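Novice: What follows is the file target_17.cif, containing mmCIF, C-alpha atoms:
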```
data_input
loop_
_atom_site.group_PDB
_atom_site.id
_atom_site.type_symbol
_atom_site.label_atom_id
_atom_site.label_comp_id
_atom_site.auth_asym_id
_atom_site.auth_seq_id
_atom_site.Cartn_x
_atom_site.Cartn_y
_atom_site.Cartn_z
ATOM 1 C CA MET A 1 113.237 109.862 107.558
ATOM 2 C CA ALA A 2 110.807 107.981 105.452
ATOM 3 C CA VAL A 3 108.816 107.434 102.323
ATOM 4 C CA THR A 4 105.013 107.470 102.472
ATOM 5 C CA VAL A 5 103.388 104.385 100.987
ATOM 6 C CA ARG A 6 99.706 104.593 100.078
ATOM 7 C CA ILE A 7 97.947 101.291 100.613
ATOM 8 C CA PRO A 8 94.904 100.209 98.553
ATOM 9 C CA THR A 9 91.813 98.965 100.392
ATOM 10 C CA ILE A 10 92.389 95.322 99.481
ATOM 11 C CA LEU A 11 95.828 95.295 101.179
ATOM 12 C CA ARG A 12 94.978 97.351 104.256
ATOM 13 C CA SER A 13 94.205 94.310 106.390
ATOM 14 C CA HIS A 14 97.958 93.555 106.268
ATOM 15 C CA VAL A 15 98.849 96.928 107.802
ATOM 16 C CA GLY A 16 96.207 97.329 110.487
ATOM 17 C CA GLY A 17 93.604 98.969 108.257
ATOM 18 C CA VAL A 18 95.361 102.287 107.680
ATOM 19 C CA PRO A 19 95.417 104.030 104.265
ATOM 20 C CA SER A 20 99.146 104.806 104.325
ATOM 21 C CA VAL A 21 102.304 103.773 106.155
ATOM 22 C CA GLU A 22 105.866 105.059 106.332
ATOM 23 C CA ALA A 23 108.723 102.879 105.128
ATOM 24 C CA SER A 24 112.446 103.237 104.640
ATOM 25 C CA GLY A 25 114.861 102.121 101.946
ATOM 26 C CA SER A 26 116.785 103.592 99.043
ATOM 27 C CA THR A 27 114.982 101.603 96.337
ATOM 28 C CA LEU A 28 111.433 100.340 95.951
ATOM 29 C CA ARG A 29 112.662 96.800 96.556
ATOM 30 C CA GLU A 30 114.237 97.819 99.894
ATOM 31 C CA LEU A 31 111.106 99.700 100.826
ATOM 32 C CA LEU A 32 108.969 96.615 100.198
ATOM 33 C CA GLN A 33 111.433 94.458 102.157
ATOM 34 C CA ASP A 34 111.091 96.861 105.069
ATOM 35 C CA LEU A 35 107.297 96.554 104.865
ATOM 36 C CA GLU A 36 107.498 92.754 104.616
ATOM 37 C CA ARG A 37 109.624 92.649 107.800
ATOM 38 C CA ARG A 38 107.083 94.737 109.676
ATOM 39 C CA TYR A 39 103.954 93.289 108.069
ATOM 40 C CA PRO A 40 104.711 89.681 107.131
ATOM 41 C CA GLY A 41 102.804 88.618 104.018
ATOM 42 C CA PHE A 42 102.461 92.117 102.644
ATOM 43 C CA GLY A 43 105.363 91.860 100.190
ATOM 44 C CA GLY A 44 104.036 88.672 98.612
ATOM 45 C CA SER A 45 101.071 90.625 97.261
ATOM 46 C CA ILE A 46 103.376 92.988 95.382
ATOM 47 C CA VAL A 47 106.428 90.955 94.420
ATOM 48 C CA THR A 48 106.346 87.485 92.834
ATOM 49 C CA GLU A 49 108.388 84.534 94.101
ATOM 50 C CA ASP A 50 110.915 85.319 91.355
ATOM 51 C CA GLY A 51 111.379 88.791 92.801
ATOM 52 C CA ALA A 52 109.586 90.635 89.995
ATOM 53 C CA LEU A 53 106.810 93.189 90.302
ATOM 54 C CA HIS A 54 103.471 91.366 90.221
ATOM 55 C CA ARG A 55 101.828 91.710 86.822
ATOM 56 C CA PHE A 56 98.558 93.031 88.209
ATOM 57 C CA ILE A 57 100.031 95.554 90.637
ATOM 58 C CA ASN A 58 100.721 99.125 89.543
ATOM 59 C CA LEU A 59 103.385 100.955 91.545
ATOM 60 C CA TYR A 60 103.985 104.670 91.259
ATOM 61 C CA VAL A 61 106.690 106.907 92.703
ATOM 62 C CA ASN A 62 105.321 110.444 92.960
ATOM 63 C CA ASP A 63 102.594 109.487 90.484
ATOM 64 C CA GLU A 64 105.048 108.057 87.877
ATOM 65 C CA ASP A 65 104.426 104.454 86.832
ATOM 66 C CA VAL A 66 107.600 102.603 87.877
ATOM 67 C CA ARG A 67 107.434 100.377 84.806
ATOM 68 C CA TYR A 68 108.689 103.484 82.964
ATOM 69 C CA LEU A 69 111.309 104.133 85.652
ATOM 70 C CA GLY A 70 113.420 101.307 87.059
ATOM 71 C CA SER A 71 110.678 98.940 88.226
ATOM 72 C CA LEU A 72 111.623 97.621 91.693
ATOM 73 C CA GLU A 73 115.124 99.128 91.438
ATOM 74 C CA THR A 74 113.678 102.646 91.158
ATOM 75 C CA ALA A 75 115.407 104.933 93.658
ATOM 76 C CA VAL A 76 113.295 106.549 96.370
ATOM 77 C CA GLU A 77 114.132 109.432 98.653
ATOM 78 C CA ASP A 78 112.794 110.728 101.916
ATOM 79 C CA GLY A 79 109.618 112.658 101.281
ATOM 80 C CA ASP A 80 108.639 110.625 98.206
ATOM 81 C CA THR A 81 105.201 109.083 97.970
ATOM 82 C CA VAL A 82 104.775 105.563 96.657
ATOM 83 C CA SER A 83 101.279 104.560 95.561
ATOM 84 C CA ILE A 84 100.157 100.971 95.152
ATOM 85 C CA LEU A 85 97.137 100.344 92.931
ATOM 86 C CA PRO A 86 95.927 96.911 91.930
ATOM 87 C CA ALA A 87 95.153 96.749 88.228
ATOM 88 C CA VAL A 88 91.581 97.248 87.083
ATOM 89 C CA ALA A 89 91.350 94.295 84.755
ATOM 90 C CA GLY A 90 89.340 91.307 83.602
ATOM 91 C CA GLY A 91 87.422 90.218 80.558
ATOM 92 C CA GLU A 92 85.228 87.492 79.161
ATOM 93 C CA HIS A 93 88.218 85.318 78.283
ATOM 94 C CA THR A 94 88.370 82.428 80.755
ATOM 95 C CA MET B 1 62.762 90.205 122.203
ATOM 96 C CA ILE B 2 64.941 88.707 119.566
ATOM 97 C CA GLU B 3 65.824 90.941 116.680
ATOM 98 C CA THR B 4 66.035 89.067 113.434
ATOM 99 C CA GLU B 5 68.606 90.382 111.049
ATOM 100 C CA ARG B 6 67.088 90.845 107.647
ATOM 101 C CA ARG B 7 69.387 90.881 104.691
ATOM 102 C CA VAL B 8 68.069 93.411 102.207
ATOM 103 C CA ALA B 9 69.596 93.091 98.775
ATOM 104 C CA PRO B 10 71.185 96.454 98.015
ATOM 105 C CA ARG B 11 70.220 98.155 94.791
ATOM 106 C CA VAL B 12 72.247 100.344 92.517
ATOM 107 C CA SER B 13 70.609 103.582 91.444
ATOM 108 C CA LEU B 14 71.892 104.130 87.929
ATOM 109 C CA PRO B 15 71.068 107.401 86.109
ATOM 110 C CA SER B 16 69.731 106.612 82.629
ATOM 111 C CA THR B 17 72.230 109.038 81.047
ATOM 112 C CA ILE B 18 75.107 107.089 82.607
ATOM 113 C CA ARG B 19 73.625 103.762 81.513
ATOM 114 C CA ASP B 20 73.232 105.057 77.957
ATOM 115 C CA ALA B 21 76.789 106.433 77.940
ATOM 116 C CA MET B 22 78.193 103.050 79.048
ATOM 117 C CA ILE B 23 76.273 101.241 76.316
ATOM 118 C CA GLU B 24 77.394 103.782 73.701
ATOM 119 C CA HIS B 25 80.992 103.383 74.850
ATOM 120 C CA ALA B 26 80.704 99.591 74.579
ATOM 121 C CA GLN B 27 79.194 99.887 71.078
ATOM 122 C CA ARG B 28 81.904 102.344 69.992
ATOM 123 C CA GLU B 29 84.689 99.957 71.046
ATOM 124 C CA PHE B 30 83.003 96.848 69.663
ATOM 125 C CA PRO B 31 84.361 94.220 68.932
ATOM 126 C CA LYS B 32 86.913 95.191 71.569
ATOM 127 C CA GLU B 33 86.012 95.355 75.240
ATOM 128 C CA ALA B 34 85.290 98.796 76.638
ATOM 129 C CA CYS B 35 86.089 99.732 80.237
ATOM 130 C CA GLY B 36 85.702 102.671 82.579
ATOM 131 C CA LEU B 37 84.757 103.968 85.993
ATOM 132 C CA LEU B 38 81.663 105.474 87.632
ATOM 133 C CA ALA B 39 82.046 107.820 90.583
ATOM 134 C CA GLY B 40 80.202 110.311 92.719
ATOM 135 C CA PRO B 41 79.669 111.626 96.227
ATOM 136 C CA LYS B 42 78.449 109.432 99.091
ATOM 137 C CA GLY B 43 77.579 106.248 97.271
ATOM 138 C CA THR B 44 75.956 107.913 94.274
ATOM 139 C CA ILE B 45 76.850 107.946 90.595
ATOM 140 C CA GLU B 46 77.523 111.428 89.287
ATOM 141 C CA ALA B 47 80.011 110.882 86.472
ATOM 142 C CA ILE B 48 81.249 108.334 83.978
ATOM 143 C CA TYR B 49 84.906 108.071 83.041
ATOM 144 C CA PRO B 50 85.254 106.068 79.820
ATOM 145 C CA MET B 51 88.823 104.750 79.865
ATOM 146 C CA ARG B 52 91.266 103.299 77.379
ATOM 147 C CA ASN B 53 91.508 99.506 77.262
ATOM 148 C CA ALA B 54 95.293 99.103 77.469
ATOM 149 C CA ASP B 55 94.901 95.448 76.401
ATOM 150 C CA ASP B 56 93.249 96.652 73.160
ATOM 151 C CA SER B 57 91.483 93.297 73.120
ATOM 152 C CA ALA B 58 88.137 91.659 72.349
ATOM 153 C CA VAL B 59 88.492 89.238 75.271
ATOM 154 C CA THR B 60 90.281 91.138 78.072
ATOM 155 C CA TYR B 61 90.546 94.635 79.463
ATOM 156 C CA ARG B 62 92.927 96.543 81.664
ATOM 157 C CA LEU B 63 92.963 100.234 82.494
ATOM 158 C CA ASP B 64 96.086 102.070 81.421
ATOM 159 C CA PRO B 65 97.990 102.459 84.742
ATOM 160 C CA THR B 66 98.830 106.139 84.213
ATOM 161 C CA GLU B 67 95.256 107.027 83.251
ATOM 162 C CA GLN B 68 93.973 104.944 86.180
ATOM 163 C CA LEU B 69 96.024 106.910 88.720
ATOM 164 C CA ARG B 70 95.077 110.241 87.124
ATOM 165 C CA VAL B 71 91.347 109.487 87.265
ATOM 166 C CA PHE B 72 91.534 107.993 90.772
ATOM 167 C CA ARG B 73 93.190 111.247 91.907
ATOM 168 C CA GLU B 74 90.543 113.333 90.132
ATOM 169 C CA ILE B 75 87.772 111.396 91.893
ATOM 170 C CA GLU B 76 89.556 111.835 95.225
ATOM 171 C CA ASP B 77 90.158 115.553 94.642
ATOM 172 C CA ARG B 78 86.435 116.047 94.097
ATOM 173 C CA GLY B 79 85.767 114.383 97.441
ATOM 174 C CA TRP B 80 83.989 111.541 95.634
ATOM 175 C CA ASP B 81 84.317 107.783 95.856
ATOM 176 C CA LEU B 82 84.930 105.267 93.153
ATOM 177 C CA PHE B 83 81.509 103.683 92.862
ATOM 178 C CA ALA B 84 81.852 101.180 90.045
ATOM 179 C CA ILE B 85 84.159 99.613 87.504
ATOM 180 C CA TYR B 86 82.415 98.791 84.249
ATOM 181 C CA HIS B 87 83.402 96.802 81.205
ATOM 182 C CA SER B 88 81.731 95.160 78.267
ATOM 183 C CA HIS B 89 81.397 91.571 77.177
ATOM 184 C CA THR B 90 80.943 91.518 73.445
ATOM 185 C CA HIS B 91 79.869 87.904 73.015
ATOM 186 C CA SER B 92 78.776 86.607 76.400
ATOM 187 C CA GLU B 93 76.240 87.500 79.057
ATOM 188 C CA ALA B 94 76.610 90.367 81.510
ATOM 189 C CA TYR B 95 77.988 88.157 84.259
ATOM 190 C CA PRO B 96 81.511 88.118 85.763
ATOM 191 C CA SER B 97 83.720 85.576 83.982
ATOM 192 C CA ALA B 98 86.363 83.468 85.739
ATOM 193 C CA THR B 99 88.909 86.105 84.650
ATOM 194 C CA ASP B 100 86.728 88.890 86.071
ATOM 195 C CA ARG B 101 86.489 87.071 89.403
ATOM 196 C CA ARG B 102 90.199 86.293 89.586
ATOM 197 C CA LEU B 103 91.181 89.903 88.821
ATOM 198 C CA ALA B 104 88.591 91.655 91.001
ATOM 199 C CA PHE B 105 90.956 93.582 93.255
ATOM 200 C CA TYR B 106 88.380 96.189 94.307
ATOM 201 C CA PRO B 107 85.966 94.478 96.713
ATOM 202 C CA GLU B 108 84.659 97.907 97.766
ATOM 203 C CA ALA B 109 83.522 98.742 94.234
ATOM 204 C CA VAL B 110 80.506 97.628 92.233
ATOM 205 C CA TYR B 111 81.364 95.744 89.047
ATOM 206 C CA VAL B 112 79.036 96.690 86.204
ATOM 207 C CA LEU B 113 78.884 94.430 83.165
ATOM 208 C CA VAL B 114 77.504 95.550 79.815
ATOM 209 C CA SER B 115 76.722 92.752 77.381
ATOM 210 C CA LEU B 116 76.391 93.275 73.658
ATOM 211 C CA ALA B 117 75.754 89.573 73.038
ATOM 212 C CA ASP B 118 72.326 90.613 71.787
ATOM 213 C CA PRO B 119 73.203 93.745 69.798
ATOM 214 C CA ASP B 120 69.580 94.921 69.685
ATOM 215 C CA SER B 121 69.147 94.678 73.426
ATOM 216 C CA PRO B 122 72.286 95.492 75.451
ATOM 217 C CA ALA B 123 72.163 94.187 79.020
ATOM 218 C CA VAL B 124 73.510 96.004 82.092
ATOM 219 C CA ARG B 125 73.945 94.163 85.394
ATOM 220 C CA ALA B 126 75.787 94.982 88.619
ATOM 221 C CA PHE B 127 77.720 92.824 91.066
ATOM 222 C CA THR B 128 80.080 92.855 93.975
ATOM 223 C CA ILE B 129 83.019 90.466 93.750
ATOM 224 C CA SER B 130 84.869 89.645 96.934
ATOM 225 C CA ASP B 131 87.408 86.812 97.238
ATOM 226 C CA GLY B 132 86.056 85.515 93.944
ATOM 227 C CA ASP B 133 82.478 85.350 95.275
ATOM 228 C CA VAL B 134 79.892 87.081 93.117
ATOM 229 C CA ASP B 135 76.766 88.768 94.498
ATOM 230 C CA GLU B 136 74.336 90.355 92.087
ATOM 231 C CA LEU B 137 72.851 93.743 92.971
ATOM 232 C CA GLY B 138 69.564 95.001 91.635
ATOM 233 C CA VAL B 139 69.780 97.952 89.247
ATOM 234 C CA THR B 140 67.223 100.759 89.330
ATOM 235 C CA VAL B 141 67.533 103.076 86.364
ATOM 236 C CA SER B 142 66.578 106.592 87.418
#
```
Translate this structure into structure tokens?
Specialist:
Amino acid sequence: MAVTVRIPTILRSHVGGVPSVEASGSTLRELLQDLERRYPGFGGSIVTEDGALHRFINLYVNDEDVRYLGSLETAVEDGDTVSILPAVAGGEHT
Amino acid sequence: MIETERRVAPRVSLPSTIRDAMIEHAQREFPKEACGLLAGPKGTIEAIYPMRNADDSAVTYRLDPTEQLRVFREIEDRGWDLFAIYHSHTHSEAYPSATDRRLAFYPEAVYVLVSLADPDSPAVRAFTISDGDVDELGVTVS
């Protein structure tokens, strides 16, 4: 049983180029740990060294922004879809 | 016979209505930065999605994450691709800043910059940004 994780283009090289993978875990954090075990280096793009969600990564469970849920402690269930979208951001400030 | 690989600079075909709508959006948000997306089928630009700048700032922009997902899904549901990400610079040239390069997480997209530095003559330029490297694309307004 598994959760579907949709992978953005910029991170697909970590997972063999595919647009989505299956992962298991009862929270987002566990799900990402599962992915990190199978695809070393993947988790570091999403979670900071302090264990927080990276500021410029948007994570959604079934299209809900997890910052309005429980961030990385948000519960996931079999059949859920997790979407990862890097922020669209920038600006003339340097 | 040796084939020589010629590198032809790709050009962006930008409908004039879309260009005008981007400039109007940038002017409407001035002095804050405006941002949005351009999308269409098979590498063309069919629609503009002016988006909210969640940073509400004159020096940075960020799409609202919920609106971003909703519009990405809409583009996907139409069978289109995200073609470009645009934003405005209100006081500097239409060229990716260090912040723009550092936060360019969509190497497959074109980054369009609208500059209002000269308010009488807005500038529109297009780039790809990959691993922080900037390549300018020609723009043909059609």
Novice: Apply the PyMOL selection byres ((chain A) within 10 of (chain B)) to the structure shown and report the selected residues as a PyMOL selection string.
Specialist: chain A and resi 8-11+56-60+63-65+67+83-94
Novice: Applied to the shown file, which residues does the PyMOL selection byres ((chain A and resi 21) around 8) return, written as a list in words?
Specialist: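 Given this file, the PyMOL selection byres ((chain A and resi 21) around 8) evaluates to Thr4, Val5, Arg6, Ile7, Val15, Val18, Pro19, Ser20, Glu22 and Ala23 of chain A.
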Novice: Hey, can you check how far CA of Leu35 in chain A sits from CA of Leu69 in chain A?
Specialist: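 Pair CA of Leu35 in chain A / CA of Leu69 in chain A returns 21.0 Å.
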Novice: Got a sec to check which residues sit within 10 Å of (79.2, 100.0, 89.0), counting all atoms listed in the file, and write them as a ChimeraX atom specification?
Specialist: /B:12-14,36-39,45,48,82-87,109-113,124-128,137,139
Novice: Taking 5 positions as the minimum chain separation for residues in the same chain, which residues sit within 9 Å of Val47 in chain A when counting all atoms listed in the file? Answer as a list in words.
Specialist: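 Once the adjacent positions are removed, what remains is Arg29, Leu32, Ala52, Leu53, His54, Arg55, Ile57 and Leu72 of chain A.
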Novice: Can you tell me how far CA of Gly40 in chain B sits from CA of Thr140 in chain B, in Å to one decimal?
Specialist: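 Computing it gives 16.5 Å between the two atoms.
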Novice: Tell me which of A:Ser26, A:Gly70, A:Asp34, A:Asn62 sits closest to Val82 in chain A, counting all atoms listed in the file.
Specialist: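 Going through A:Ser26, A:Gly70, A:Asp34, A:Asn62 one by one, the smallest distance to Val82 in chain A is for A:Asn62.
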Novice: Could you check how far CA of Lys32 in chain B sits from CA of Leu116 in chain B, in Å to one decimal?
Specialist: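 CA of Lys32 in chain B sits 10.9 Å away from CA of Leu116 in chain B.
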Novice: Name the residues that the PyMOL selection byres ((chain A and resi 27) around 10) pulls out of this structure, and write them as an NGL selection string.
Specialist: :A and (24-26 or 28-33 or 70-77)
Novice: Just C-alpha atoms for this one: save the residues we selected as a PDB file, in the frame of the given file.
Specialist:
```pdb
ATOM      1  CA  SER A  24     112.446 103.237 104.640  1.00  0.00           C
ATOM      2  CA  GLY A  25     114.861 102.121 101.946  1.00  0.00           C
ATOM      3  CA  SER A  26     116.785 103.592  99.043  1.00  0.00           C
ATOM      4  CA  LEU A  28     111.433 100.340  95.951  1.00  0.00           C
ATOM      5  CA  ARG A  29     112.662  96.800  96.556  1.00  0.00           C
ATOM      6  CA  GLU A  30     114.237  97.819  99.894  1.00  0.00           C
ATOM      7  CA  LEU A  31     111.106  99.700 100.826  1.00  0.00           C
ATOM      8  CA  LEU A  32     108.969  96.615 100.198  1.00  0.00           C
ATOM      9  CA  GLN A  33     111.433  94.458 102.157  1.00  0.00           C
ATOM     10  CA  GLY A  70     113.420 101.307  87.059  1.00  0.00           C
ATOM     11  CA  SER A  71     110.678  98.940  88.226  1.00  0.00           C
ATOM     12  CA  LEU A  72     111.623  97.621  91.693  1.00  0.00           C
ATOM     13  CA  GLU A  73     115.124  99.128  91.438  1.00  0.00           C
ATOM     14  CA  THR A  74     113.678 102.646  91.158  1.00  0.00           C
ATOM     15  CA  ALA A  75     115.407 104.933  93.658  1.00  0.00           C
ATOM     16  CA  VAL A  76     113.295 106.549  96.370  1.00  0.00           C
ATOM     17  CA  GLU A  77     114.132 109.432  98.653  1.00  0.00           C
TER      18      GLU A  77
END
```
Novice: Axis-aligned box over every listed atom of range 66-71 of chain B, padded by 8 Å per side: centre and edges in Å to one decimal, as JSON?
Specialist:
```
{"center_x": 95.1, "center_y": 107.6, "center_z": 86.0, "size_x": 23.5, "size_y": 21.3, "size_z": 21.5}
```
